[in-house]
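Chemist: Let me give you the structure first, and then I'll get to my questions.
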Amino acid sequence: MNTDRDAPPTRRTSSPATATRFQLPFNPPLLHCLVSFHHWVCSSTTTLVPKLDISTERSKLNAGPFAVGLGCKHAIAYTQGEVYYGAKATINVWDPSIQEPNGFSLSQLWILSGSFNGSDLNSIEAGWQYVMQVSPALYGDSRPRLFTYWTSDAYEATGCYNALCPGFIQTSPHIAIGASISPVSSVSGNQYDMTLLVWKDPRLGNWWLSYGGQLVGYWPAALFTHLGSAGGHASMVEWGGEVVNTSPGGAHTATHMGSGRFASQGFGKASYFRNLETVDAGNSLVPVPLDALQTLAEDAGCYDINKAFDDGRQGWGTHFYYGGPGHNPACP
């Protein structure tokens, strides 16, 4: 365990404590290998550059050589225009239906810096991913898994999932990257979620990950250019969902995002991210103002997103519902 680091960021405001009924334990921490579906299917993720047209930039990323005949669909919320040293959210966990062999559905946060105009985009990513397995050489099953990802060159040559290449260093003996997550939420039933925090150590520049308040490990500063440099920071943070769409049979995939329900169905049916926060230069957690949060879904007939704010008894702060079923009459 690397203990030569500053403490995790603290909240600037006295936000209510999260309800214990939302806490999500892991199954025994067995580490399984991952294949970088994110890279060969989508070529890249939904990552964006401040002040650029989102739809245009995403189309550039999905047009890469790994995305021929394939594509990714997203429903995301993002904030930009400030200096960010981390991000936090509590993420609802599901086991979505996947149509295609080796297809996937994921929900994650992105910490971003750099430009799409070259190959210098830096991205740190963490969340849960559900992959439909057809080979025992991969996960060996189809269950939602905790994952990490990173790149320092816009997904061209650097980066990988979890520990498939030198990069993320796990320090926790209790929480394993790649471990399955249980229990999971059910429609009109119990809801379960996990809280992830990624922040930059102000002294050493490493980027740490915690799960439910427990340190998991870190991305060394040396992995990155913009994010790893002295004073390096993120220029954008994203939260949301992504699925791969191979257009099976010429139709849009029926792979679910989140719960497979649209955002308008709300709690207990639609999937959510709640208590969105970023980390400022003073190593403090700052709630994301609702008016600073923008949303995007490429095709709202397939997957959509609705943002909201709650300062009442539920204490969700800035949050959003998102997801959808994919193929349906509004998503042919």
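We label chains A, B, ... in the order they appear in the structure tokens, count residues from 1 in each chain, and number ligands from 1 in the order shown.
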Might you pull out every residue within 8 Å of A:Glu100, with only C-alpha atoms counted and same-chain residues fewer than 2 positions away left off, and present them as a PyMOL selection string?

Modeler: chain A and resi 98+102-103+132+246+248+253+255

Chemist: From stretch 158-235 of chain A, collect each residue whose DSSP state is strand (DSSP E) and return the set as a list in words.

Modeler: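 Taking stretch 158-235 of chain A and keeping strand (DSSP E) only, one gets Ile169, Gln170, Asp193, Met194, Thr195, Leu196, Leu197, Val198, Trp199, Lys200, Trp207, Trp208, Leu209, Ser210, Tyr211, Gln214, Leu215, Val216, Gly217, Tyr218, Trp219, Ala234 and Ser235 of chain A.
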
Chemist: Write out as a VMD selection string each polymer residue whose atoms come within 9 Å of A:Tyr84, counting only C-alpha atoms; drop sequence neighbours fewer than 6 positions from it.

Modeler: chain A and resid 111 199 233 to 237 278 to 281

Chemist: Only N, CA and C atoms, please: the residues just picked out, written as a JSON list (two decimals), in the first residue's frame.

Modeler:
[["chain", "number", "residue", "atom", "x", "y", "z"],
["A", 111, "ILE", "N", -12.69, 11.34, -16.58],
["A", 111, "ILE", "CA", -11.90, 12.51, -16.22],
["A", 111, "ILE", "C", -11.04, 12.84, -17.43],
["A", 199, "TRP", "N", -9.66, 11.20, -7.64],
["A", 199, "TRP", "CA", -9.08, 12.51, -7.35],
["A", 199, "TRP", "C", -7.57, 12.46, -7.49],
["A", 233, "HIS", "N", -4.53, 19.04, -14.76],
["A", 233, "HIS", "CA", -5.91, 18.91, -14.28],
["A", 233, "HIS", "C", -6.81, 18.51, -15.44],
["A", 234, "ALA", "N", -8.03, 18.17, -15.12],
["A", 234, "ALA", "CA", -9.02, 17.85, -16.15],
["A", 234, "ALA", "C", -9.74, 19.12, -16.58],
["A", 235, "SER", "N", -10.17, 19.14, -17.81],
["A", 235, "SER", "CA", -10.94, 20.27, -18.33],
["A", 235, "SER", "C", -12.40, 19.90, -18.55],
["A", 236, "MET", "N", -12.72, 18.63, -18.38],
["A", 236, "MET", "CA", -14.11, 18.17, -18.51],
["A", 236, "MET", "C", -14.30, 16.91, -17.70],
["A", 237, "VAL", "N", -15.50, 16.76, -17.17],
["A", 237, "VAL", "CA", -15.90, 15.53, -16.48],
["A", 237, "VAL", "C", -17.21, 15.07, -17.07],
["A", 278, "THR", "N", -17.45, 17.44, -8.17],
["A", 278, "THR", "CA", -16.10, 17.52, -8.71],
["A", 278, "THR", "C", -15.15, 17.94, -7.58],
["A", 279, "VAL", "N", -13.86, 17.78, -7.84],
["A", 279, "VAL", "CA", -12.83, 18.15, -6.87],
["A", 279, "VAL", "C", -12.14, 19.42, -7.37],
["A", 280, "ASP", "N", -12.03, 20.41, -6.49],
["A", 280, "ASP", "CA", -11.43, 21.68, -6.90],
["A", 280, "ASP", "C", -9.94, 21.73, -6.54],
["A", 281, "ALA", "N", -9.31, 22.87, -6.82],
["A", 281, "ALA", "CA", -7.87, 23.02, -6.60],
["A", 281, "ALA", "C", -7.49, 22.97, -5.13]]

Chemist: Out of A:Thr151, A:Asn306, A:Gln191, A:Asn92, which residue has the shortest atom-to-atom distance to A:Ala263 when counting only C-alpha atoms?

Modeler: A:Asn306
